[in-house]
file run30.cif (mmCIF, C-alpha atoms)
data_data
loop_
_atom_site.label_atom_id
_atom_site.label_comp_id
_atom_site.auth_asym_id
_atom_site.auth_seq_id
_atom_site.Cartn_x
_atom_site.Cartn_y
_atom_site.Cartn_z
CA MET A 1 23.14 20.76 11.99
CA LEU A 2 20.80 19.90 14.82
CA SER A 3 20.28 22.48 17.52
CA ASN A 4 21.27 21.61 21.07
CA GLU A 5 17.59 21.60 22.02
CA LEU A 6 16.78 19.05 19.30
CA LYS A 7 19.79 16.90 20.22
CA ASN A 8 18.63 16.88 23.82
CA ALA A 9 15.11 15.98 22.70
CA TYR A 10 16.35 12.97 20.70
CA GLN A 11 18.64 11.83 23.50
CA SER A 12 15.75 12.05 25.96
CA MET A 13 13.88 9.71 23.57
CA GLY A 14 16.55 7.03 23.75
CA ILE A 15 18.87 7.98 20.89
CA GLY A 16 22.58 7.90 21.68
CA PRO A 17 24.96 10.63 20.44
CA GLU A 18 26.89 8.30 18.11
CA VAL A 19 23.74 7.15 16.31
CA LEU A 20 22.27 10.66 16.21
CA ASP A 21 25.44 12.14 14.71
CA PHE A 22 25.62 9.42 12.05
CA CYS A 23 21.94 9.74 11.12
CA SER A 24 22.18 13.54 10.93
CA GLU A 25 24.84 13.45 8.23
CA GLY A 26 23.78 14.07 4.65
CA LEU A 27 20.28 15.34 5.37
CA GLN A 28 20.95 18.48 3.36
CA ASP A 29 21.67 16.28 0.32
CA LEU A 30 18.03 15.13 0.35
CA GLU A 31 16.52 18.61 0.14
CA GLU A 32 16.06 18.64 -3.66
CA ARG A 33 14.37 15.24 -3.64
CA PHE A 34 12.11 16.37 -0.83
CA LYS A 35 11.12 19.44 -2.85
CA GLU A 36 10.03 17.21 -5.76
CA ILE A 37 7.94 15.12 -3.37
CA ASP A 38 6.29 18.30 -2.09
CA LYS A 39 5.37 19.29 -5.67
CA VAL A 40 3.59 15.98 -6.22
CA ALA A 41 1.80 16.34 -2.88
CA GLU A 42 0.66 19.85 -3.78
CA PHE A 43 -0.74 18.68 -7.13
CA ASN A 44 -2.59 15.78 -5.49
CA GLN A 45 -3.89 18.03 -2.73
CA MET A 46 -5.50 20.27 -5.35
CA LYS A 47 -6.94 17.20 -7.11
CA VAL A 48 -8.60 15.96 -3.93
CA ILE A 49 -9.97 19.38 -2.97
CA LYS A 50 -11.37 19.86 -6.49
CA ALA A 51 -13.19 16.52 -6.31
CA MET A 52 -14.69 17.45 -2.95
CA GLN A 53 -15.76 20.90 -4.12
CA GLU A 54 -17.26 19.70 -7.40
CA ASN A 55 -19.32 17.10 -5.54
CA ARG A 56 -20.56 19.80 -3.14
CA LEU A 57 -19.31 18.05 -0.03
CA SER A 58 -21.20 19.31 3.04
CA ASP A 59 -21.39 18.45 6.71
CA ILE A 60 -24.74 16.80 6.02
CA HIS A 61 -22.74 14.03 4.34
CA PHE A 62 -21.07 13.15 7.65
CA ALA A 63 -24.31 11.88 9.20
CA ALA A 64 -24.29 8.23 10.26
CA THR A 65 -26.63 5.65 8.81
CA THR A 66 -27.57 2.28 10.29
CA GLY A 67 -29.27 -0.93 9.24
CA TYR A 68 -29.60 -1.26 5.49
CA GLY A 69 -28.16 2.19 4.86
CA TYR A 70 -30.65 3.11 2.16
CA ASN A 71 -30.23 6.56 0.61
CA ASP A 72 -26.93 7.26 2.37
CA MET A 73 -25.95 10.59 0.81
CA GLY A 74 -22.56 10.60 2.49
CA ARG A 75 -21.67 7.18 1.12
CA GLU A 76 -22.78 8.16 -2.39
CA THR A 77 -20.84 11.43 -2.28
CA LEU A 78 -17.73 9.69 -0.94
CA GLU A 79 -17.82 7.28 -3.87
CA LYS A 80 -18.32 10.06 -6.40
CA ILE A 81 -15.30 11.86 -4.94
CA TYR A 82 -13.16 8.72 -5.22
CA ALA A 83 -14.29 8.22 -8.81
CA ASP A 84 -13.28 11.80 -9.63
CA VAL A 85 -9.92 11.54 -7.87
CA PHE A 86 -9.07 8.36 -9.78
CA LYS A 87 -10.72 9.59 -13.02
CA THR A 88 -13.05 6.61 -13.26
CA GLU A 89 -16.70 5.90 -14.05
CA ASP A 90 -17.57 4.53 -10.64
CA ALA A 91 -16.23 3.65 -7.19
CA LEU A 92 -17.03 1.30 -4.32
CA VAL A 93 -15.64 2.71 -1.05
CA ARG A 94 -16.90 0.88 2.01
CA PRO A 95 -16.06 0.19 5.64
CA GLN A 96 -17.35 -3.33 4.93
CA LEU A 97 -14.17 -3.89 2.86
CA ILE A 98 -11.90 -4.80 5.75
CA SER A 99 -8.52 -4.88 4.01
CA GLY A 100 -6.72 -4.67 0.69
CA THR A 101 -6.85 -8.47 0.39
CA HIS A 102 -10.60 -8.43 0.99
CA ALA A 103 -11.12 -5.72 -1.63
CA LEU A 104 -9.06 -7.69 -4.15
CA ASN A 105 -11.06 -10.83 -3.38
CA ILE A 106 -14.33 -8.96 -3.94
CA ALA A 107 -13.08 -7.47 -7.22
CA LEU A 108 -11.88 -10.85 -8.47
CA SER A 109 -14.81 -12.98 -7.37
CA GLY A 110 -17.32 -10.38 -8.56
CA ASN A 111 -15.91 -10.34 -12.08
CA LEU A 112 -14.88 -13.96 -12.64
CA ARG A 113 -16.94 -17.05 -13.33
CA PRO A 114 -16.16 -20.78 -13.42
CA GLY A 115 -13.84 -21.56 -16.33
CA ASP A 116 -12.28 -18.07 -16.35
CA GLY A 117 -8.57 -17.61 -15.87
CA ILE A 118 -6.43 -15.07 -14.04
CA LEU A 119 -3.00 -14.10 -15.31
CA SER A 120 -0.35 -12.26 -13.31
CA PRO A 121 2.30 -10.93 -15.71
CA VAL A 122 4.46 -9.62 -12.86
CA GLY A 123 5.18 -12.81 -10.95
CA LYS A 124 3.79 -14.12 -7.68
CA PRO A 125 1.19 -12.00 -5.89
CA TYR A 126 1.38 -10.90 -2.25
CA ASP A 127 1.28 -13.76 0.24
CA THR A 128 -2.25 -13.21 1.53
CA LEU A 129 -3.64 -13.37 -2.02
CA GLU A 130 -2.33 -16.91 -2.46
CA GLY A 131 -5.19 -18.27 -0.38
CA VAL A 132 -7.74 -16.16 -2.25
CA ILE A 133 -6.60 -17.47 -5.63
CA GLY A 134 -5.95 -21.00 -4.43
CA ILE A 135 -2.20 -21.12 -4.98
CA THR A 136 -2.22 -22.15 -1.33
CA PRO A 137 -5.22 -24.49 -0.88
CA SER A 138 -7.88 -22.60 1.08
CA LYS A 139 -11.58 -23.08 1.68
CA GLY A 140 -13.63 -20.83 -0.58
CA SER A 141 -10.71 -19.99 -2.87
CA LEU A 142 -11.29 -19.06 -6.48
CA SER A 143 -9.78 -22.36 -7.59
CA GLU A 144 -12.58 -24.20 -5.76
CA TYR A 145 -14.99 -22.44 -8.10
CA GLY A 146 -13.12 -23.53 -11.22
CA ILE A 147 -11.16 -20.32 -11.76
CA THR A 148 -7.58 -20.97 -12.82
CA TYR A 149 -4.41 -19.01 -12.23
CA SER A 150 -1.18 -18.61 -14.17
CA GLN A 151 1.75 -16.23 -13.95
CA VAL A 152 4.67 -14.94 -15.94
CA ASP A 153 7.66 -13.93 -13.86
CA LEU A 154 9.54 -10.73 -14.42
CA LEU A 155 12.91 -11.03 -16.10
CA SER A 156 16.07 -11.00 -13.99
CA ASP A 157 16.50 -7.27 -14.67
CA GLY A 158 12.94 -6.52 -13.54
CA GLY A 159 11.63 -6.13 -17.09
CA PHE A 160 8.47 -7.65 -18.52
CA ASP A 161 8.69 -10.98 -20.34
CA TRP A 162 6.73 -9.79 -23.38
CA GLU A 163 6.90 -13.09 -25.24
CA GLY A 164 5.98 -15.04 -22.14
CA ILE A 165 2.97 -12.80 -21.52
CA LYS A 166 1.83 -13.14 -25.13
CA GLU A 167 2.07 -16.93 -24.88
CA ALA A 168 0.24 -17.03 -21.52
CA LEU A 169 -2.65 -14.82 -22.66
CA LYS A 170 -4.87 -17.80 -23.58
CA ASP A 171 -8.50 -17.55 -24.63
CA HIS A 172 -9.80 -18.46 -21.16
CA ILE A 173 -7.93 -15.58 -19.47
CA ARG A 174 -10.59 -13.14 -18.33
CA LEU A 175 -8.60 -10.93 -15.96
CA VAL A 176 -5.01 -9.78 -15.69
CA THR A 177 -3.91 -8.74 -12.20
CA ILE A 178 -0.98 -6.37 -11.84
CA GLN A 179 0.52 -5.85 -8.40
CA ARG A 180 2.11 -2.41 -8.30
CA SER A 181 4.14 -2.87 -5.13
CA LYS A 182 6.73 -5.53 -4.44
CA GLY A 183 5.12 -7.33 -1.50
CA TYR A 184 7.69 -9.55 0.20
CA LEU A 185 9.74 -9.82 -2.98
CA THR A 186 12.90 -7.95 -3.84
CA ARG A 187 11.68 -6.82 -7.23
CA PRO A 188 11.24 -3.22 -8.34
CA THR A 189 7.91 -1.55 -7.67
CA LEU A 190 6.13 -0.74 -10.92
CA SER A 191 5.74 2.87 -11.95
CA VAL A 192 2.41 4.05 -13.35
CA LYS A 193 4.16 4.58 -16.67
CA ARG A 194 5.33 0.96 -16.81
CA ILE A 195 1.90 -0.27 -15.76
CA GLY A 196 0.42 1.71 -18.64
CA GLU A 197 2.87 0.14 -21.10
CA LEU A 198 1.97 -3.33 -19.85
CA ILE A 199 -1.78 -2.68 -20.09
CA SER A 200 -1.39 -1.24 -23.60
CA PHE A 201 0.47 -4.39 -24.70
CA ILE A 202 -2.21 -6.66 -23.22
CA LYS A 203 -5.13 -4.67 -24.64
CA LYS A 204 -3.69 -4.80 -28.17
CA LEU A 205 -3.69 -8.58 -27.94
CA ARG A 206 -6.91 -8.99 -25.93
CA PRO A 207 -9.05 -5.84 -25.65
CA ASP A 208 -11.75 -7.85 -23.83
CA VAL A 209 -9.50 -8.75 -20.88
CA ILE A 210 -10.06 -6.90 -17.60
CA CYS A 211 -6.85 -5.27 -16.38
CA MET A 212 -6.90 -4.88 -12.59
CA VAL A 213 -4.18 -3.14 -10.57
CA ASP A 214 -3.46 -3.84 -6.91
CA ASN A 215 -2.66 -0.22 -6.04
CA CYS A 216 -1.76 -0.75 -2.37
CA TYR A 217 1.03 1.55 -1.11
CA GLY A 218 1.10 3.49 -4.39
CA GLU A 219 -1.72 6.03 -4.15
CA PHE A 220 -0.64 9.70 -4.42
CA VAL A 221 3.02 8.82 -4.94
CA ASP A 222 2.66 10.13 -8.52
CA ILE A 223 0.35 12.72 -10.06
CA VAL A 224 -1.41 9.99 -12.06
CA GLU A 225 -2.98 6.71 -10.99
CA PRO A 226 -3.15 3.42 -12.93
CA THR A 227 -6.77 4.11 -13.91
CA GLN A 228 -5.46 7.03 -15.99
CA VAL A 229 -3.24 4.74 -18.07
CA GLY A 230 -5.76 2.06 -19.00
CA ALA A 231 -6.52 0.04 -15.84
CA ASP A 232 -10.13 -1.17 -15.84
CA LEU A 233 -10.08 -1.65 -12.07
CA CYS A 234 -7.88 -0.31 -9.31
CA VAL A 235 -8.06 -1.70 -5.78
CA GLY A 236 -6.62 -0.62 -2.45
CA SER A 237 -6.96 -0.33 1.32
CA LEU A 238 -8.08 2.74 3.25
CA ILE A 239 -5.72 1.95 6.14
CA LYS A 240 -2.88 2.51 3.72
CA ASN A 241 -2.23 5.65 1.66
CA PRO A 242 -5.70 6.99 0.77
CA GLY A 243 -7.04 6.86 4.32
CA GLY A 244 -4.46 9.39 5.46
CA GLY A 245 -4.18 7.69 8.86
CA LEU A 246 -7.73 8.67 9.83
CA ALA A 247 -9.77 5.96 8.11
CA PRO A 248 -10.56 3.39 10.83
CA ILE A 249 -11.27 0.62 8.29
CA GLY A 250 -12.18 0.19 4.66
CA GLY A 251 -11.14 -0.46 1.12
CA TYR A 252 -11.87 0.88 -2.34
CA ILE A 253 -12.52 -0.47 -5.83
CA VAL A 254 -12.56 2.10 -8.64
CA GLY A 255 -12.87 1.70 -12.38
CA LYS A 256 -15.37 0.97 -15.14
CA ARG A 257 -18.95 1.00 -13.93
CA GLU A 258 -19.75 -2.55 -15.02
CA TYR A 259 -16.83 -4.05 -13.13
CA VAL A 260 -17.38 -1.94 -10.02
CA GLU A 261 -21.05 -2.95 -9.96
CA ASN A 262 -20.10 -6.61 -10.32
CA ALA A 263 -17.87 -6.22 -7.28
CA ALA A 264 -20.67 -4.50 -5.35
CA PHE A 265 -23.04 -7.41 -6.03
CA ARG A 266 -20.42 -9.76 -4.57
CA LEU A 267 -19.83 -7.54 -1.52
CA THR A 268 -23.54 -7.30 -0.61
CA ALA A 269 -25.88 -9.57 -2.57
CA PRO A 270 -27.13 -10.03 -6.15
CA GLY A 271 -29.83 -7.45 -6.78
CA LEU A 272 -28.64 -5.20 -3.94
CA GLY A 273 -25.15 -4.07 -4.92
CA LYS A 274 -24.26 -0.48 -4.05
CA GLU A 275 -27.76 0.42 -2.81
CA VAL A 276 -27.12 -0.86 0.71
CA GLY A 277 -24.38 -0.64 3.31
CA ALA A 278 -24.64 1.54 6.38
CA THR A 279 -21.67 3.82 7.08
CA LEU A 280 -22.13 3.84 10.89
CA GLY A 281 -20.54 7.28 11.32
CA VAL A 282 -17.20 6.67 9.59
CA THR A 283 -17.84 8.81 6.51
CA ALA A 284 -16.24 11.91 8.04
CA PRO A 285 -12.89 10.25 8.89
CA LEU A 286 -12.85 8.52 5.49
CA LEU A 287 -13.23 11.88 3.77
CA GLN A 288 -10.91 13.80 6.07
CA GLY A 289 -8.33 11.04 5.71
CA LEU A 290 -8.55 11.35 1.93
CA PHE A 291 -8.11 15.11 2.28
CA LEU A 292 -4.92 14.61 4.31
CA ALA A 293 -3.60 11.69 2.26
CA PRO A 294 -1.38 13.62 -0.21
CA GLN A 295 0.55 15.25 2.64
CA VAL A 296 0.72 12.06 4.70
CA VAL A 297 2.06 10.12 1.71
CA SER A 298 4.69 12.79 1.11
CA GLY A 299 5.96 12.35 4.68
CA ALA A 300 6.10 8.57 4.25
CA LEU A 301 8.04 8.97 1.00
CA LYS A 302 10.57 11.22 2.69
CA GLY A 303 10.98 8.64 5.41
CA ALA A 304 11.56 5.88 2.84
CA ILE A 305 14.24 7.92 1.07
CA TYR A 306 15.89 8.74 4.38
CA ALA A 307 15.89 5.06 5.40
CA ALA A 308 17.52 4.08 2.11
CA ASN A 309 20.17 6.75 2.59
CA ILE A 310 20.97 5.68 6.17
CA TYR A 311 21.09 1.94 5.60
CA GLU A 312 22.98 2.23 2.34
CA ARG A 313 25.68 4.18 4.19
CA LEU A 314 25.74 1.42 6.79
CA GLY A 315 26.56 -1.07 4.03
CA TYR A 316 23.23 -2.86 3.63
CA SER A 317 21.46 -3.68 0.39
CA VAL A 318 18.37 -1.48 -0.03
CA LEU A 319 15.56 -1.43 -2.59
CA PRO A 320 14.98 1.11 -4.01
CA ASN A 321 18.44 2.56 -3.45
CA SER A 322 18.95 6.08 -2.15
CA HIS A 323 18.94 7.65 -5.63
CA GLU A 324 16.21 5.76 -7.50
CA ASP A 325 12.77 7.16 -8.24
CA ARG A 326 9.98 6.10 -5.88
CA PHE A 327 6.76 4.42 -6.98
CA ASP A 328 5.39 3.36 -3.58
CA ILE A 329 6.07 4.14 0.09
CA ILE A 330 7.84 0.86 0.91
CA GLN A 331 11.57 0.65 1.65
CA ALA A 332 13.19 -2.79 1.67
CA VAL A 333 16.39 -3.31 3.65
CA THR A 334 18.20 -6.66 3.54
CA LEU A 335 19.70 -7.17 7.00
CA ASN A 336 21.13 -10.69 6.46
CA SER A 337 20.04 -12.23 9.76
CA ALA A 338 16.90 -12.90 11.76
CA SER A 339 18.37 -11.17 14.81
CA ALA A 340 18.98 -7.98 12.83
CA VAL A 341 15.42 -8.02 11.45
CA ILE A 342 14.01 -8.42 14.95
CA ALA A 343 16.19 -5.60 16.31
CA PHE A 344 15.10 -3.30 13.45
CA CYS A 345 11.43 -3.99 14.17
CA LYS A 346 11.99 -3.42 17.90
CA GLY A 347 13.29 0.03 17.00
CA ILE A 348 10.24 0.88 14.93
CA GLN A 349 7.96 -0.30 17.74
CA ALA A 350 9.89 1.67 20.34
CA ALA A 351 9.42 4.84 18.30
CA ALA A 352 5.62 4.47 18.14
CA PRO A 353 3.17 6.76 19.95
CA VAL A 354 1.01 3.72 20.75
CA ASP A 355 2.34 0.52 22.38
CA SER A 356 5.93 1.75 22.39
CA PHE A 357 6.54 -0.48 25.43
CA VAL A 358 5.58 -3.64 23.50
CA THR A 359 8.26 -5.96 22.10
CA PRO A 360 7.36 -7.40 18.68
CA GLU A 361 8.12 -11.09 18.14
CA PRO A 362 7.84 -13.32 15.06
CA TRP A 363 4.70 -15.47 14.90
CA ALA A 364 2.68 -17.62 12.52
CA MET A 365 0.33 -15.01 11.08
CA PRO A 366 -2.71 -16.22 9.09
CA GLY A 367 -2.12 -16.08 5.34
CA TYR A 368 1.68 -16.40 5.46
CA ASN A 369 3.85 -19.47 4.87
CA CYS A 370 6.49 -18.64 7.50
CA ASP A 371 6.77 -16.72 10.76
CA VAL A 372 6.36 -12.98 10.28
CA ILE A 373 7.35 -10.11 12.56
CA MET A 374 5.36 -6.90 12.48
CA ALA A 375 6.06 -3.65 14.28
CA ALA A 376 3.14 -1.27 14.26
CA GLY A 377 2.35 0.91 17.23
CA ALA A 378 -0.59 2.45 15.40
CA PHE A 379 -3.77 4.32 16.23
CA ILE A 380 -5.53 2.04 13.71
CA GLN A 381 -4.73 -1.67 14.04
CA GLY A 382 -2.73 -2.84 11.03
CA SER A 383 -2.52 0.62 9.51
CA SER A 384 0.60 0.56 7.36
CA ILE A 385 0.41 4.22 6.41
CA GLU A 386 1.39 4.73 10.04
CA LEU A 387 4.99 4.01 11.05
CA SER A 388 5.40 0.28 10.61
CA ALA A 389 7.76 -2.48 9.53
CA ASP A 390 7.31 -6.14 8.83
CA ALA A 391 9.35 -9.05 7.57
CA PRO A 392 9.12 -12.76 6.87
CA ILE A 393 11.66 -14.58 9.02
CA LYS A 394 13.47 -16.33 6.19
CA PRO A 395 16.54 -15.64 4.02
CA PRO A 396 17.65 -13.15 2.83
CA TYR A 397 16.10 -11.55 5.95
CA THR A 398 14.70 -8.46 4.32
CA VAL A 399 12.62 -6.02 6.34
CA PHE A 400 9.99 -3.82 4.72
CA PHE A 401 9.59 -0.38 6.24
CA GLN A 402 6.74 1.98 5.40
CA GLY A 403 4.61 4.80 6.64
CA GLY A 404 4.84 7.55 9.19
CA LEU A 405 1.96 10.00 9.39
CA THR A 406 4.56 12.77 9.52
CA TRP A 407 8.06 13.00 8.11
CA HIS A 408 9.49 13.73 11.55
CA HIS A 409 7.95 10.61 13.05
CA ALA A 410 9.26 8.49 10.16
CA LYS A 411 12.70 10.01 10.71
CA TYR A 412 12.64 9.21 14.43
CA GLY A 413 11.55 5.64 13.73
CA ILE A 414 14.44 5.06 11.34
CA ILE A 415 16.95 6.52 13.80
CA MET A 416 15.54 4.31 16.56
CA SER A 417 15.90 1.23 14.35
CA VAL A 418 19.59 2.05 13.95
CA GLN A 419 19.85 2.58 17.70
CA LYS A 420 18.45 -0.89 18.46
CA LEU A 421 20.82 -2.55 15.99
CA TYR A 422 23.71 -0.59 17.49
CA GLU A 423 22.78 -1.56 21.05
CA ALA A 424 22.60 -5.23 20.00
CA GLU A 425 26.09 -4.91 18.49
CA LEU A 426 24.72 -5.92 15.09
CA LEU A 427 26.24 -2.92 13.33
CA LYS A 428 29.13 -0.53 13.76
CA ILE A 429 29.12 3.21 13.22
#
call {"tool": "encode", "arguments": {"input": "run30.cif", "output": "structure tokens"}}
result
Amino acid sequence: MLSNELKNAYQSMGIGPEVLDFCSEGLQDLEERFKEIDKVAEFNQMKVIKAMQENRLSDIHFAATTGYGYNDMGRETLEKIYADVFKTEDALVRPQLISGTHALNIALSGNLRPGDGILSPVGKPYDTLEGVIGITPSKGSLSEYGITYSQVDLLSDGGFDWEGIKEALKDHIRLVTIQRSKGYLTRPTLSVKRIGELISFIKKLRPDVICMVDNCYGEFVDIVEPTQVGADLCVGSLIKNPGGGLAPIGGYIVGKREYVENAAFRLTAPGLGKEVGATLGVTAPLLQGLFLAPQVVSGALKGAIYAANIYERLGYSVLPNSHEDRFDIIQAVTLNSASAVIAFCKGIQAAAPVDSFVTPEPWAMPGYNCDVIMAAGAFIQGSSIELSADAPIKPPYTVFFQGGLTWHHAKYGIIMSVQKLYEAELLKI
């Protein structure tokens, strides 16, 4: 039960009593799941602290470098810490990697050569990667350099098409890319365990193939990462989970030293690689964000479970459902109409600490094949570990909710999304 003081606080923030009462029901039923999330966060917190201690992190490592960035001790220590956290030989963690898509492009283009092939055994990649690969014709795409792409879709039940993968694993395939999260698809997110099973199957057939995992939205959701179950490379964005909401920019590539170095030569220049790259004073927030990340991710996971619980009770289709295990921080809710998607996103925006007065509208975002609406009143532009929601404006009109630097902010955002739908008479309570 909410106290009168808390009820008054919510109502002063624009939440009506009918919506608040509905959204307050059943919270006690989530307590056991929240306890399990806290256990994972505690384990990952110890893992991160251990990596920082063993690499003798000191305030001297927070000093800014400029220009070429030669002998940047902070940068080198940051990358050693990431390598230890992900249990890998090497890491490339740079503010010059501007997004997850950019990091994936660097990892792919650094390790592939003309005539090589890419295989996705989990269906179509995220929309913005289509231009990188050349599925959507784009200047500078991998296809323009003679690198081919093929995919094997998941089965209707979300399982792997083992025979299809075996058939598609031709001699020219150099790299297999595995997207952990669902993107704008209504398929299950892959658990680390399932990723490990897929990699094991591929390696038995082709031990020479590079297995790369797009780890976006999945970091610190489990106590193990894909690099601990056979992934040769793991790639992600620092303005998602591992940046903890403090990283102002950046991406990471972790894995086997040879493949990380190849990526570094693509990011900077052949012959330079990891030896250059000024950090410009962002090393401290990158490290402090990593320190906070396990707890921040736990709050986002609680918010995702709460959202599934609320919208399932309202009669909407949700993925994952309110009882399934979680393998990333994203919650998909199918709202069945463009107007409902827009109202949901207006609620998320209205709950933000930044730009709460702004009204999100669908628009033709670069890299997408339809109008997209994004709600993100964030301290860091585009930071989807902060409270955010986005959706392609096309059937079945599914919105993808994620983030919340704290559980309580995620909770408020979800309640406000219900409030906006209720005010627009798009749902009944």
call {"tool": "resolve_selection", "arguments": {"input": "run30.cif", "expression": "the PyMOL selection byres ((chain A and resi 233-235) around 7)", "output": "ChimeraX atom specification"}}
result
/A:103-104,211-215,227,231-232,236,252-256
call {"tool": "resolve_selection", "arguments": {"input": "run30.cif", "expression": "the PyMOL selection byres ((chain A and resi 402-419) around 7)", "output": "ChimeraX atom specification"}}
result
/A:15,19,23,245,296,299-300,302-304,307,329-331,344-345,347-348,351,384-389,400-401,420-423
call {"tool": "closest_residue", "arguments": {"input": "run30.cif", "among": "A:Val318, A:Leu301, A:Leu20, A:Ala350", "to": "Leu335 in chain A", "atoms": "all atoms listed in the file"}}
result
A:Val318
call {"tool": "closest_residue", "arguments": {"input": "run30.cif", "among": "A:Gln53, A:Gln11, A:Asn71, A:Ser337", "to": "Asp84 in chain A", "atoms": "only C-alpha atoms"}}
result
A:Gln53
call {"tool": "residues_around", "arguments": {"input": "run30.cif", "residues": "range 60-70 of chain A", "least_positions_apart": "6", "cutoff": "9 Å", "atoms": "all atoms listed in the file", "output": "list in words"}}
result
Glu76, Thr77, Leu78, Glu275, Val276, Gly277, Ala278, Thr279, Leu280, Gly281, Val282, Thr283, Ala284, Pro285 and Leu287 of chain A
call {"tool": "closest_residue", "arguments": {"input": "run30.cif", "among": "A:Asp59, A:Asp371, A:Glu25, A:Asp153", "to": "Gln288 in chain A", "atoms": "only C-alpha atoms"}}
result
A:Asp59
call {"tool": "resolve_selection", "arguments": {"input": "run30.cif", "expression": "the PyMOL selection byres ((chain A and resi 119) around 9)", "output": "CSV table (one decimal) with C-alpha atoms, keeping the file's coordinate frame"}}
result
chain,number,residue,atom,x,y,z
A,117,GLY,CA,-8.6,-17.6,-15.9
A,118,ILE,CA,-6.4,-15.1,-14.0
A,120,SER,CA,-0.4,-12.3,-13.3
A,121,PRO,CA,2.3,-10.9,-15.7
A,148,THR,CA,-7.6,-21.0,-12.8
A,149,TYR,CA,-4.4,-19.0,-12.2
A,150,SER,CA,-1.2,-18.6,-14.2
A,151,GLN,CA,1.8,-16.2,-14.0
A,152,VAL,CA,4.7,-14.9,-15.9
A,165,ILE,CA,3.0,-12.8,-21.5
A,168,ALA,CA,0.2,-17.0,-21.5
A,169,LEU,CA,-2.6,-14.8,-22.7
A,173,ILE,CA,-7.9,-15.6,-19.5
A,174,ARG,CA,-10.6,-13.1,-18.3
A,175,LEU,CA,-8.6,-10.9,-16.0
A,176,VAL,CA,-5.0,-9.8,-15.7
A,177,THR,CA,-3.9,-8.7,-12.2
A,178,ILE,CA,-1.0,-6.4,-11.8
call {"tool": "residues_around", "arguments": {"input": "run30.cif", "residues": "range 181-197 of chain A", "least_positions_apart": "5", "cutoff": "6 Å", "atoms": "only C-alpha atoms", "output": "list in words"}}
result
Tyr126, Pro226, Val229 and Phe327 of chain A
call {"tool": "write_last_selection", "arguments": {"input": "run30.cif", "atoms": "C-alpha atoms", "output": "short mmCIF file (atom, residue, chain, number, x, y, z; two decimals), in the frame of the given file"}}
result
data_model
loop_
_atom_site.label_atom_id
_atom_site.label_comp_id
_atom_site.auth_asym_id
_atom_site.auth_seq_id
_atom_site.Cartn_x
_atom_site.Cartn_y
_atom_site.Cartn_z
CA TYR A 126 1.38 -10.90 -2.25
CA PRO A 226 -3.15 3.42 -12.93
CA VAL A 229 -3.24 4.74 -18.07
CA PHE A 327 6.76 4.42 -6.98
#
call {"tool": "closest_residue", "arguments": {"input": "run30.cif", "among": "A:Pro320, A:Gly218, A:Pro294, A:Gly110", "to": "Asp38 in chain A", "atoms": "only C-alpha atoms"}}
result
A:Pro294
call {"tool": "residues_around", "arguments": {"input": "run30.cif", "residues": "Glu261 in chain A", "least_positions_apart": "5", "cutoff": "9 Å", "atoms": "only C-alpha atoms", "output": "count of residues only"}}
result
8
call {"tool": "atom_distance", "arguments": {"input": "run30.cif", "atom1": "CA of Cys370 in chain A", "atom2": "CA of Gln349 in chain A"}}
result
21.1 Å
call {"tool": "atom_distance", "arguments": {"input": "run30.cif", "atom1": "CA of Ala352 in chain A", "atom2": "CA of Ala376 in chain A"}}
result
7.4 Å
call {"tool": "residues_around", "arguments": {"input": "run30.cif", "residues": "Leu267 in chain A", "least_positions_apart": "3", "cutoff": "7 Å", "atoms": "only C-alpha atoms", "output": "list of chain:residue names"}}
result
A:Ile106, A:Ala263, A:Ala264
call {"tool": "write_last_selection", "arguments": {"input": "run30.cif", "atoms": "C-alpha atoms", "output": "mmCIF file, keeping the file's coordinate frame"}}
result
data_model
loop_
_atom_site.group_PDB
_atom_site.id
_atom_site.type_symbol
_atom_site.label_atom_id
_atom_site.label_comp_id
_atom_site.auth_asym_id
_atom_site.auth_seq_id
_atom_site.Cartn_x
_atom_site.Cartn_y
_atom_site.Cartn_z
ATOM 1 C CA ILE A 106 -14.330 -8.960 -3.940
ATOM 2 C CA ALA A 263 -17.870 -6.220 -7.280
ATOM 3 C CA ALA A 264 -20.670 -4.500 -5.350
#
call {"tool": "closest_residue", "arguments": {"input": "run30.cif", "among": "A:Val358, A:Ser317, A:Val372, A:Lys47", "to": "Phe86 in chain A", "atoms": "all atoms listed in the file"}}
result
A:Lys47
call {"tool": "closest_residue", "arguments": {"input": "run30.cif", "among": "A:Pro207, A:Gly74, A:Ile249, A:Asn321", "to": "Gln96 in chain A", "atoms": "all atoms listed in the file"}}
result
A:Ile249
call {"tool": "atom_distance", "arguments": {"input": "run30.cif", "atom1": "CA of Ala308 in chain A", "atom2": "CA of Glu36 in chain A"}}
result
17.0 Å
call {"tool": "axis_aligned_box", "arguments": {"input": "run30.cif", "around": "range 226-233 of chain A", "padding_each_side": "4 Å", "output": "JSON"}}
result
{"center_x": -6.6, "center_y": 2.7, "center_z": -15.5, "size_x": 15.0, "size_y": 16.7, "size_z": 14.9}
